[in-house]
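Dumped input37.pdb below, it's PDB, C-alpha atoms, pLDDT in the B column:
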```
MODEL        1
ATOM      1  CA  MET A  26      24.815  41.738  17.869  1.00 88.00           C
ATOM      2  CA  HIS A  27      23.311  44.231  15.467  1.00 93.00           C
ATOM      3  CA  GLY A  28      22.420  47.533  17.114  1.00 97.00           C
ATOM      4  CA  GLU A  29      23.214  49.233  20.398  1.00 98.00           C
ATOM      5  CA  LEU A  30      23.050  47.700  23.860  1.00 98.00           C
ATOM      6  CA  VAL A  31      21.888  49.940  26.710  1.00 98.00           C
ATOM      7  CA  VAL A  32      22.085  48.527  30.237  1.00 98.00           C
ATOM      8  CA  VAL A  33      19.739  50.190  32.722  1.00 98.00           C
ATOM      9  CA  ASP A  34      18.228  49.343  36.097  1.00 98.00           C
ATOM     10  CA  ASP A  35      14.764  50.378  34.909  1.00 98.00           C
ATOM     11  CA  VAL A  36      14.007  48.594  31.621  1.00 98.00           C
ATOM     12  CA  PRO A  37      10.306  49.606  31.478  1.00 98.00           C
ATOM     13  CA  GLY A  38      11.202  53.253  32.132  1.00 98.00           C
ATOM     14  CA  GLU A  39      13.852  53.303  29.396  1.00 98.00           C
ATOM     15  CA  PHE A  40      11.444  51.581  27.018  1.00 98.00           C
ATOM     16  CA  ALA A  41       8.706  54.128  27.672  1.00 98.00           C
ATOM     17  CA  GLU A  42      11.128  57.018  27.183  1.00 98.00           C
ATOM     18  CA  ARG A  43      12.280  55.645  23.820  1.00 98.00           C
ATOM     19  CA  VAL A  44       8.725  55.122  22.552  1.00 98.00           C
ATOM     20  CA  ILE A  45       7.748  58.644  23.588  1.00 98.00           C
ATOM     21  CA  GLU A  46      10.815  60.007  21.775  1.00 98.00           C
ATOM     22  CA  ALA A  47       9.942  57.996  18.672  1.00 98.00           C
ATOM     23  CA  PHE A  48       6.382  59.330  18.721  1.00 98.00           C
ATOM     24  CA  HIS A  49       7.530  62.937  18.860  1.00 98.00           C
ATOM     25  CA  SER A  50      10.184  62.476  16.159  1.00 97.00           C
ATOM     26  CA  ARG A  51       7.943  60.525  13.757  1.00 97.00           C
ATOM     27  CA  PRO A  52       8.124  61.693  10.120  1.00 94.00           C
ATOM     28  CA  HIS A  53       4.347  61.722   9.554  1.00 94.00           C
ATOM     29  CA  ASP A  54       1.078  62.360  11.376  1.00 96.00           C
ATOM     30  CA  GLY A  55       0.244  58.816  12.455  1.00 97.00           C
ATOM     31  CA  PHE A  56       2.305  56.372  14.519  1.00 98.00           C
ATOM     32  CA  SER A  57       2.481  52.590  14.111  1.00 98.00           C
ATOM     33  CA  PHE A  58       3.603  50.332  16.939  1.00 98.00           C
ATOM     34  CA  ALA A  59       3.986  46.539  16.838  1.00 98.00           C
ATOM     35  CA  ALA A  60       3.570  44.987  20.283  1.00 98.00           C
ATOM     36  CA  SER A  61       5.105  41.936  21.921  1.00 97.00           C
ATOM     37  CA  GLY A  62       4.209  39.552  24.736  1.00 96.00           C
ATOM     38  CA  GLY A  63       5.711  38.267  27.968  1.00 96.00           C
ATOM     39  CA  ASP A  64       6.239  39.533  31.509  1.00 96.00           C
ATOM     40  CA  THR A  65       8.798  42.169  30.520  1.00 97.00           C
ATOM     41  CA  ALA A  66       6.457  43.487  27.832  1.00 98.00           C
ATOM     42  CA  ARG A  67       3.598  43.727  30.324  1.00 98.00           C
ATOM     43  CA  ARG A  68       5.703  45.843  32.674  1.00 98.00           C
ATOM     44  CA  ALA A  69       6.926  47.948  29.747  1.00 98.00           C
ATOM     45  CA  TYR A  70       3.382  48.677  28.542  1.00 98.00           C
ATOM     46  CA  GLU A  71       2.119  49.505  32.002  1.00 98.00           C
ATOM     47  CA  ARG A  72       4.955  52.015  32.306  1.00 98.00           C
ATOM     48  CA  LEU A  73       4.300  53.387  28.819  1.00 98.00           C
ATOM     49  CA  ALA A  74       0.657  53.926  29.743  1.00 98.00           C
ATOM     50  CA  ASP A  75       1.716  55.783  32.906  1.00 97.00           C
ATOM     51  CA  ASP A  76       4.540  57.869  31.437  1.00 96.00           C
ATOM     52  CA  GLY A  77       3.093  58.334  27.968  1.00 90.00           C
ATOM     53  CA  GLY A  78      -0.503  58.890  28.957  1.00 85.00           C
ATOM     54  CA  SER A  79      -0.235  62.660  28.524  1.00 88.00           C
ATOM     55  CA  GLN A  80       2.849  62.759  26.259  1.00 96.00           C
ATOM     56  CA  ILE A  81       1.470  60.660  23.404  1.00 98.00           C
ATOM     57  CA  ASP A  82      -1.640  61.506  21.400  1.00 97.00           C
ATOM     58  CA  TRP A  83      -3.076  57.998  21.408  1.00 97.00           C
ATOM     59  CA  TRP A  84      -5.668  58.905  18.786  1.00 97.00           C
ATOM     60  CA  LYS A  85      -2.757  58.996  16.331  1.00 98.00           C
ATOM     61  CA  VAL A  86      -1.487  55.517  17.301  1.00 98.00           C
ATOM     62  CA  ASP A  87      -2.174  52.277  15.412  1.00 98.00           C
ATOM     63  CA  ILE A  88      -1.300  49.089  17.301  1.00 98.00           C
ATOM     64  CA  TYR A  89      -0.077  45.991  15.475  1.00 98.00           C
ATOM     65  CA  TRP A  90       1.337  42.754  16.845  1.00 98.00           C
ATOM     66  CA  GLY A  91       4.754  41.221  16.255  1.00 98.00           C
ATOM     67  CA  ASP A  92       3.458  37.737  16.996  1.00 98.00           C
ATOM     68  CA  GLU A  93       0.471  35.956  18.471  1.00 98.00           C
ATOM     69  CA  ARG A  94      -0.449  32.552  19.774  1.00 98.00           C
ATOM     70  CA  CYS A  95      -3.301  30.808  17.961  1.00 98.00           C
ATOM     71  CA  LEU A  96      -5.759  31.192  20.808  1.00 97.00           C
ATOM     72  CA  PRO A  97      -8.978  33.121  21.453  1.00 97.00           C
ATOM     73  CA  LEU A  98      -8.082  36.780  21.918  1.00 96.00           C
ATOM     74  CA  ASP A  99      -9.389  36.740  25.494  1.00 96.00           C
ATOM     75  CA  HIS A 100      -7.283  33.685  26.467  1.00 97.00           C
ATOM     76  CA  GLU A 101      -4.901  34.346  29.368  1.00 97.00           C
ATOM     77  CA  ASP A 102      -1.911  33.442  27.142  1.00 97.00           C
ATOM     78  CA  SER A 103      -2.958  35.713  24.272  1.00 98.00           C
ATOM     79  CA  ASN A 104      -0.630  38.594  23.451  1.00 98.00           C
ATOM     80  CA  TYR A 105      -3.685  40.618  22.457  1.00 98.00           C
ATOM     81  CA  ARG A 106      -5.139  40.233  25.944  1.00 98.00           C
ATOM     82  CA  LEU A 107      -1.812  41.212  27.516  1.00 98.00           C
ATOM     83  CA  VAL A 108      -1.627  44.415  25.460  1.00 98.00           C
ATOM     84  CA  ARG A 109      -5.287  45.198  26.048  1.00 98.00           C
ATOM     85  CA  GLU A 110      -4.920  44.901  29.822  1.00 98.00           C
ATOM     86  CA  SER A 111      -1.530  46.562  30.230  1.00 98.00           C
ATOM     87  CA  LEU A 112      -1.806  49.348  27.651  1.00 97.00           C
ATOM     88  CA  LEU A 113      -5.045  49.794  25.719  1.00 97.00           C
ATOM     89  CA  ALA A 114      -7.357  49.749  28.740  1.00 96.00           C
ATOM     90  CA  ARG A 115      -5.089  52.207  30.543  1.00 96.00           C
ATOM     91  CA  VAL A 116      -4.769  54.827  27.793  1.00 96.00           C
ATOM     92  CA  GLY A 117      -8.467  54.702  26.954  1.00 91.00           C
ATOM     93  CA  ALA A 118      -8.394  54.456  23.175  1.00 91.00           C
ATOM     94  CA  VAL A 119      -6.087  54.400  20.170  1.00 97.00           C
ATOM     95  CA  ASN A 120      -6.775  55.235  16.546  1.00 98.00           C
ATOM     96  CA  ALA A 121      -6.902  51.538  15.580  1.00 97.00           C
ATOM     97  CA  ASN A 122      -5.608  48.161  16.642  1.00 96.00           C
ATOM     98  CA  TYR A 123      -5.025  45.185  14.396  1.00 98.00           C
ATOM     99  CA  PRO A 124      -4.918  41.835  16.218  1.00 98.00           C
ATOM    100  CA  MET A 125      -3.347  38.858  14.498  1.00 98.00           C
ATOM    101  CA  ARG A 126      -6.121  36.328  13.838  1.00 98.00           C
ATOM    102  CA  CYS A 127      -4.787  32.851  13.173  1.00 97.00           C
ATOM    103  CA  ASP A 128      -8.104  31.644  11.791  1.00 97.00           C
ATOM    104  CA  GLU A 129      -7.662  34.069   8.889  1.00 97.00           C
ATOM    105  CA  GLY A 130      -4.144  32.864   8.105  1.00 97.00           C
ATOM    106  CA  ALA A 131      -1.161  35.128   7.528  1.00 98.00           C
ATOM    107  CA  ASP A 132      -2.164  36.631   4.171  1.00 98.00           C
ATOM    108  CA  PRO A 133      -4.567  39.351   5.427  1.00 98.00           C
ATOM    109  CA  TYR A 134      -1.923  40.614   7.874  1.00 98.00           C
ATOM    110  CA  GLN A 135       0.679  40.419   5.122  1.00 98.00           C
ATOM    111  CA  LEU A 136      -1.501  42.663   2.957  1.00 98.00           C
ATOM    112  CA  ARG A 137      -2.168  45.104   5.785  1.00 98.00           C
ATOM    113  CA  LEU A 138       1.530  45.524   6.542  1.00 98.00           C
ATOM    114  CA  GLY A 139       2.277  45.826   2.845  1.00 97.00           C
ATOM    115  CA  GLU A 140      -0.148  48.744   2.655  1.00 97.00           C
ATOM    116  CA  LEU A 141       1.346  50.300   5.788  1.00 97.00           C
ATOM    117  CA  GLY A 142       4.895  50.242   4.440  1.00 96.00           C
ATOM    118  CA  ARG A 143       7.138  51.185   7.353  1.00 97.00           C
ATOM    119  CA  ILE A 144       6.471  50.468  11.027  1.00 98.00           C
ATOM    120  CA  ASP A 145       7.564  53.239  13.369  1.00 98.00           C
ATOM    121  CA  VAL A 146       8.395  50.979  16.334  1.00 98.00           C
ATOM    122  CA  VAL A 147       8.604  47.198  16.632  1.00 99.00           C
ATOM    123  CA  HIS A 148       8.929  45.893  20.194  1.00 98.00           C
ATOM    124  CA  LEU A 149      10.529  42.474  20.679  1.00 98.00           C
ATOM    125  CA  GLY A 150      11.718  40.274  23.506  1.00 98.00           C
ATOM    126  CA  LEU A 151      14.333  37.548  23.809  1.00 98.00           C
ATOM    127  CA  GLY A 152      13.661  33.957  24.799  1.00 97.00           C
ATOM    128  CA  PRO A 153      16.143  31.838  26.760  1.00 97.00           C
ATOM    129  CA  ASP A 154      16.570  29.757  23.587  1.00 97.00           C
ATOM    130  CA  GLY A 155      17.443  32.858  21.540  1.00 98.00           C
ATOM    131  CA  HIS A 156      14.078  33.246  19.823  1.00 98.00           C
ATOM    132  CA  THR A 157      12.419  36.585  19.211  1.00 98.00           C
ATOM    133  CA  ALA A 158       8.812  37.237  18.200  1.00 98.00           C
ATOM    134  CA  SER A 159       7.787  33.628  17.321  1.00 98.00           C
ATOM    135  CA  LEU A 160      10.929  32.956  15.291  1.00 98.00           C
ATOM    136  CA  PHE A 161      12.235  29.818  16.990  1.00 98.00           C
ATOM    137  CA  PRO A 162      15.551  28.004  16.435  1.00 98.00           C
ATOM    138  CA  GLY A 163      15.125  25.397  13.707  1.00 98.00           C
ATOM    139  CA  SER A 164      11.631  26.575  12.724  1.00 98.00           C
ATOM    140  CA  PRO A 165      10.436  27.037   9.122  1.00 97.00           C
ATOM    141  CA  ALA A 166       9.891  30.796   9.513  1.00 98.00           C
ATOM    142  CA  LEU A 167      13.635  31.385   9.714  1.00 98.00           C
ATOM    143  CA  ASP A 168      13.840  30.612   6.000  1.00 96.00           C
ATOM    144  CA  ALA A 169      10.754  32.525   4.895  1.00 98.00           C
ATOM    145  CA  ASP A 170      10.791  34.047   1.435  1.00 96.00           C
ATOM    146  CA  PRO A 171      12.188  37.621   1.608  1.00 94.00           C
ATOM    147  CA  GLY A 172       8.860  38.937   0.346  1.00 96.00           C
ATOM    148  CA  ARG A 173       6.948  37.454   3.239  1.00 98.00           C
ATOM    149  CA  LEU A 174       6.360  39.825   6.135  1.00 98.00           C
ATOM    150  CA  VAL A 175       4.091  37.531   8.163  1.00 98.00           C
ATOM    151  CA  VAL A 176       3.942  33.718   8.394  1.00 98.00           C
ATOM    152  CA  MET A 177       2.505  30.941  10.502  1.00 98.00           C
ATOM    153  CA  ASN A 178       5.089  29.128  12.617  1.00 98.00           C
ATOM    154  CA  GLU A 179       5.648  26.872  15.627  1.00 97.00           C
ATOM    155  CA  ASP A 180       8.496  25.711  17.808  1.00 98.00           C
ATOM    156  CA  PRO A 181       9.727  22.324  16.520  1.00 97.00           C
ATOM    157  CA  THR A 182      10.964  21.411  20.011  1.00 95.00           C
ATOM    158  CA  GLY A 183       7.578  22.028  21.628  1.00 94.00           C
ATOM    159  CA  ARG A 184       9.122  24.130  24.412  1.00 94.00           C
ATOM    160  CA  ASN A 185       7.079  27.147  23.323  1.00 95.00           C
ATOM    161  CA  PRO A 186       3.480  25.910  23.048  1.00 95.00           C
ATOM    162  CA  TYR A 187       0.766  26.739  20.522  1.00 97.00           C
ATOM    163  CA  PRO A 188       0.990  27.423  16.802  1.00 98.00           C
ATOM    164  CA  ARG A 189       1.777  31.083  16.120  1.00 98.00           C
ATOM    165  CA  MET A 190       1.512  33.932  13.651  1.00 98.00           C
ATOM    166  CA  THR A 191       4.648  36.048  13.526  1.00 98.00           C
ATOM    167  CA  LEU A 192       6.479  38.786  11.736  1.00 98.00           C
ATOM    168  CA  THR A 193       9.390  37.476   9.701  1.00 98.00           C
ATOM    169  CA  PHE A 194      12.851  39.025   9.749  1.00 98.00           C
ATOM    170  CA  ALA A 195      11.803  40.973   6.646  1.00 98.00           C
ATOM    171  CA  GLY A 196       8.728  42.255   8.475  1.00 98.00           C
ATOM    172  CA  ILE A 197      10.783  43.325  11.486  1.00 98.00           C
ATOM    173  CA  ALA A 198      13.307  45.033   9.205  1.00 98.00           C
ATOM    174  CA  ARG A 199      10.590  47.443   8.066  1.00 98.00           C
ATOM    175  CA  ALA A 200      10.837  49.131  11.460  1.00 98.00           C
ATOM    176  CA  ARG A 201      12.266  52.579  11.855  1.00 98.00           C
ATOM    177  CA  LEU A 202      13.108  51.587  15.432  1.00 98.00           C
ATOM    178  CA  VAL A 203      13.336  48.113  16.952  1.00 99.00           C
ATOM    179  CA  LEU A 204      13.303  47.991  20.753  1.00 99.00           C
ATOM    180  CA  VAL A 205      14.344  44.673  22.308  1.00 98.00           C
ATOM    181  CA  THR A 206      13.729  44.504  26.061  1.00 98.00           C
ATOM    182  CA  VAL A 207      15.593  41.855  28.062  1.00 98.00           C
ATOM    183  CA  SER A 208      15.178  41.340  31.812  1.00 98.00           C
ATOM    184  CA  GLY A 209      16.360  38.783  34.321  1.00 98.00           C
ATOM    185  CA  LYS A 210      19.189  36.352  34.855  1.00 97.00           C
ATOM    186  CA  ASP A 211      17.382  33.632  32.895  1.00 97.00           C
ATOM    187  CA  LYS A 212      18.022  35.670  29.723  1.00 98.00           C
ATOM    188  CA  GLN A 213      21.721  36.285  30.435  1.00 98.00           C
ATOM    189  CA  GLU A 214      23.080  33.318  28.504  1.00 98.00           C
ATOM    190  CA  ALA A 215      20.905  34.008  25.453  1.00 98.00           C
ATOM    191  CA  LEU A 216      21.896  37.674  25.363  1.00 98.00           C
ATOM    192  CA  ALA A 217      25.579  36.786  25.679  1.00 98.00           C
ATOM    193  CA  ARG A 218      25.243  34.308  22.804  1.00 98.00           C
ATOM    194  CA  VAL A 219      23.565  36.932  20.616  1.00 98.00           C
ATOM    195  CA  ALA A 220      26.235  39.495  21.512  1.00 97.00           C
ATOM    196  CA  SER A 221      28.994  37.036  20.595  1.00 97.00           C
ATOM    197  CA  GLY A 222      27.568  36.644  17.110  1.00 95.00           C
ATOM    198  CA  GLU A 223      26.169  33.148  17.514  1.00 97.00           C
ATOM    199  CA  ASP A 224      23.622  32.204  14.857  1.00 95.00           C
ATOM    200  CA  LEU A 225      20.463  32.533  16.936  1.00 98.00           C
ATOM    201  CA  PRO A 226      17.186  33.957  15.606  1.00 98.00           C
ATOM    202  CA  ALA A 227      17.485  37.132  17.703  1.00 98.00           C
ATOM    203  CA  ALA A 228      20.924  37.812  16.214  1.00 98.00           C
ATOM    204  CA  ARG A 229      19.204  38.339  12.849  1.00 98.00           C
ATOM    205  CA  ILE A 230      17.094  41.300  14.015  1.00 98.00           C
ATOM    206  CA  ARG A 231      17.471  44.291  11.704  1.00 98.00           C
ATOM    207  CA  GLY A 232      15.831  47.703  11.394  1.00 98.00           C
ATOM    208  CA  ASP A 233      16.798  51.298  10.673  1.00 98.00           C
ATOM    209  CA  GLN A 234      17.789  51.483  14.348  1.00 98.00           C
ATOM    210  CA  VAL A 235      17.978  48.556  16.757  1.00 98.00           C
ATOM    211  CA  LEU A 236      18.240  49.186  20.496  1.00 98.00           C
ATOM    212  CA  TRP A 237      18.664  46.413  23.045  1.00 98.00           C
ATOM    213  CA  ILE A 238      17.515  47.500  26.521  1.00 98.00           C
ATOM    214  CA  ALA A 239      18.734  45.106  29.222  1.00 98.00           C
ATOM    215  CA  ASP A 240      18.906  45.158  33.002  1.00 98.00           C
ATOM    216  CA  PRO A 241      22.189  44.291  34.775  1.00 98.00           C
ATOM    217  CA  GLU A 242      21.056  40.736  35.511  1.00 98.00           C
ATOM    218  CA  ALA A 243      20.392  40.015  31.837  1.00 98.00           C
ATOM    219  CA  ALA A 244      23.497  41.883  30.668  1.00 98.00           C
ATOM    220  CA  GLY A 245      25.911  40.061  32.982  1.00 97.00           C
ATOM    221  CA  ASP A 246      29.466  40.630  31.781  1.00 95.00           C
ATOM    222  CA  LEU A 247      28.210  42.763  28.893  1.00 96.00           C
ATOM    223  CA  ALA A 248      27.401  45.609  31.283  1.00 82.00           C
TER
ENDMDL
END
```
Would you give me this structure, written as structure tokens?
Amino acid sequence: MHGELVVVDDVPGEFAERVIEAFHSRPHDGFSFAASGGDTARRAYERLADDGGSQIDWWKVDIYWGDERCLPLDHEDSNYRLVRESLLARVGAVNANYPMRCDEGADPYQLRLGELGRIDVVHLGLGPDGHTASLFPGSPALDADPGRLVVMNEDPTGRNPYPRMTLTFAGIARARLVLVTVSGKDKQEALARVASGEDLPAARIRGDQVLWIADPEAAGDLA
């Protein structure tokens, strides 16, 4: 496992605290944040909206996405909708948000991230199969050209439905801070496999700083 593992009872609270710290220690005026999806992410963003509502100047925040399903943005399975409901609607407004739009292909997002340069915080999760973002075991995106920051991808097993747009490992590695939140016993085996050095997609996460935030159920014997 690359990075530090922190085991806490309150994953959303620890996540919010780390994002607030990153905002206040940022090396420039703006703040870029790449969001994730899933139940743990929803709880994390609701907590960030509560705890960071008055501690973060949201007019300085630009929201990006680490991955997205190729669905209408208002679809119940859309990561954009999840972030809108759990964070954006709660904090009122941000400086800008940049949804991933599959109908445009990956190139426009590639160009946007190329212009941005570094990403202050990238938030990721961990799937039971060891995937992170939409980088699935055995999928073409795992072997993306090092110059590609964003690609289209899908799960060759079909377990994770819908075609996707996703950051590559090179895109994730542009982060000053990567926060990986892991909750629940159903993630315990995957986290243990990553920690043991098994060649799973999530084991390839890199960034200036990588912090894994897990609850005791997910951490298991790692705690």
Six-sided padding of 6 Å per side, axis-aligned box over range 138-142 of chain A, centre and edges in Å, one decimal, as JSON:
```
{"center_x": 2.4, "center_y": 47.9, "center_z": 4.6, "size_x": 17.0, "size_y": 16.8, "size_z": 15.9}
```
Counting all atoms listed in the file, I want the residues whose atoms come within 9 Å of (-1.1, 49.3, 11.7) in the file frame, returned as an NGL selection string. :A and (56-59 or 86-90 or 121-123 or 137-138 or 141 or 144)
Limited to C-alpha atoms, could you put the picked residues into a file as a PDB file, in the coordinates of the input?
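This went into selection_11.pdb:
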```
ATOM      1  CA  PHE A  56       2.305  56.372  14.519  1.00 98.00           C
ATOM      2  CA  SER A  57       2.481  52.590  14.111  1.00 98.00           C
ATOM      3  CA  PHE A  58       3.603  50.332  16.939  1.00 98.00           C
ATOM      4  CA  ALA A  59       3.986  46.539  16.838  1.00 98.00           C
ATOM      5  CA  VAL A  86      -1.487  55.517  17.301  1.00 98.00           C
ATOM      6  CA  ASP A  87      -2.174  52.277  15.412  1.00 98.00           C
ATOM      7  CA  ILE A  88      -1.300  49.089  17.301  1.00 98.00           C
ATOM      8  CA  TYR A  89      -0.077  45.991  15.475  1.00 98.00           C
ATOM      9  CA  TRP A  90       1.337  42.754  16.845  1.00 98.00           C
ATOM     10  CA  ALA A 121      -6.902  51.538  15.580  1.00 97.00           C
ATOM     11  CA  ASN A 122      -5.608  48.161  16.642  1.00 96.00           C
ATOM     12  CA  TYR A 123      -5.025  45.185  14.396  1.00 98.00           C
ATOM     13  CA  ARG A 137      -2.168  45.104   5.785  1.00 98.00           C
ATOM     14  CA  LEU A 138       1.530  45.524   6.542  1.00 98.00           C
ATOM     15  CA  LEU A 141       1.346  50.300   5.788  1.00 97.00           C
ATOM     16  CA  ILE A 144       6.471  50.468  11.027  1.00 98.00           C
TER      17      ILE A 144
END
```
Check which residues satisfy the PyMOL selection byres ((chain A and resi 181-192) around 9) in the file shown, then give them as JSON, numbers by chain. {"A": [90, 91, 92, 93, 94, 95, 96, 125, 126, 127, 130, 131, 135, 158, 159, 160, 161, 162, 163, 164, 165, 166, 173, 174, 175, 176, 177, 178, 179, 180, 193, 194, 195, 196, 197]}
Top pick for closest residue to Lys212 in chain A, considering A:Arg43, A:His156, A:Arg199, A:Arg231 and counting only C-alpha atoms: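 Checking each of A:Arg43, A:His156, A:Arg199, A:Arg231 against Lys212 in chain A, counting only C-alpha atoms, the winner is A:His156.
Of the residues listed (A:Gly209, A:Gly150, A:Gly55, A:Pro124), A:Gly55 shows the shortest atom-to-atom separation from Asp82 in chain A; distances use only C-alpha atoms.
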Just give me the gap between CA of His100 in chain A and CA of Val36 in chain A in Å, one decimal is fine.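 Atom-to-atom, CA of His100 in chain A to CA of Val36 in chain A, that is 26.5 Å.
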Could range 222-235 of chain A be completed with N, CA and C atoms and returned as a CSV table (one decimal), in the coordinates of the input?
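The file below, result.csv, is the result:
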```
chain,number,residue,atom,x,y,z
A,222,GLY,N,27.7,36.9,18.5
A,222,GLY,CA,27.6,36.6,17.1
A,222,GLY,C,27.1,35.3,16.8
A,223,GLU,N,26.7,34.5,17.8
A,223,GLU,CA,26.2,33.1,17.5
A,223,GLU,C,24.9,33.2,16.6
A,224,ASP,N,24.7,32.2,15.8
A,224,ASP,CA,23.6,32.2,14.9
A,224,ASP,C,22.3,31.8,15.5
A,225,LEU,N,21.8,32.7,16.3
A,225,LEU,CA,20.5,32.5,16.9
A,225,LEU,C,19.5,33.4,16.2
A,226,PRO,N,18.2,33.1,16.3
A,226,PRO,CA,17.2,34.0,15.6
A,226,PRO,C,17.3,35.4,16.0
A,227,ALA,N,17.4,35.7,17.3
A,227,ALA,CA,17.5,37.1,17.7
A,227,ALA,C,18.7,37.9,17.1
A,228,ALA,N,19.7,37.2,16.8
A,228,ALA,CA,20.9,37.8,16.2
A,228,ALA,C,20.7,38.3,14.8
A,229,ARG,N,19.5,37.9,14.2
A,229,ARG,CA,19.2,38.3,12.8
A,229,ARG,C,18.2,39.5,12.8
A,230,ILE,N,18.0,40.1,14.0
A,230,ILE,CA,17.1,41.3,14.0
A,230,ILE,C,17.8,42.5,13.3
A,231,ARG,N,17.0,43.1,12.4
A,231,ARG,CA,17.5,44.3,11.7
A,231,ARG,C,16.4,45.4,11.7
A,232,GLY,N,16.7,46.6,11.5
A,232,GLY,CA,15.8,47.7,11.4
A,232,GLY,C,16.7,48.9,11.1
A,233,ASP,N,16.0,50.1,10.9
A,233,ASP,CA,16.8,51.3,10.7
A,233,ASP,C,17.7,51.6,11.9
A,234,GLN,N,17.1,51.4,13.1
A,234,GLN,CA,17.8,51.5,14.3
A,234,GLN,C,17.3,50.3,15.2
A,235,VAL,N,18.3,49.7,15.8
A,235,VAL,CA,18.0,48.6,16.8
A,235,VAL,C,18.6,48.9,18.1
```
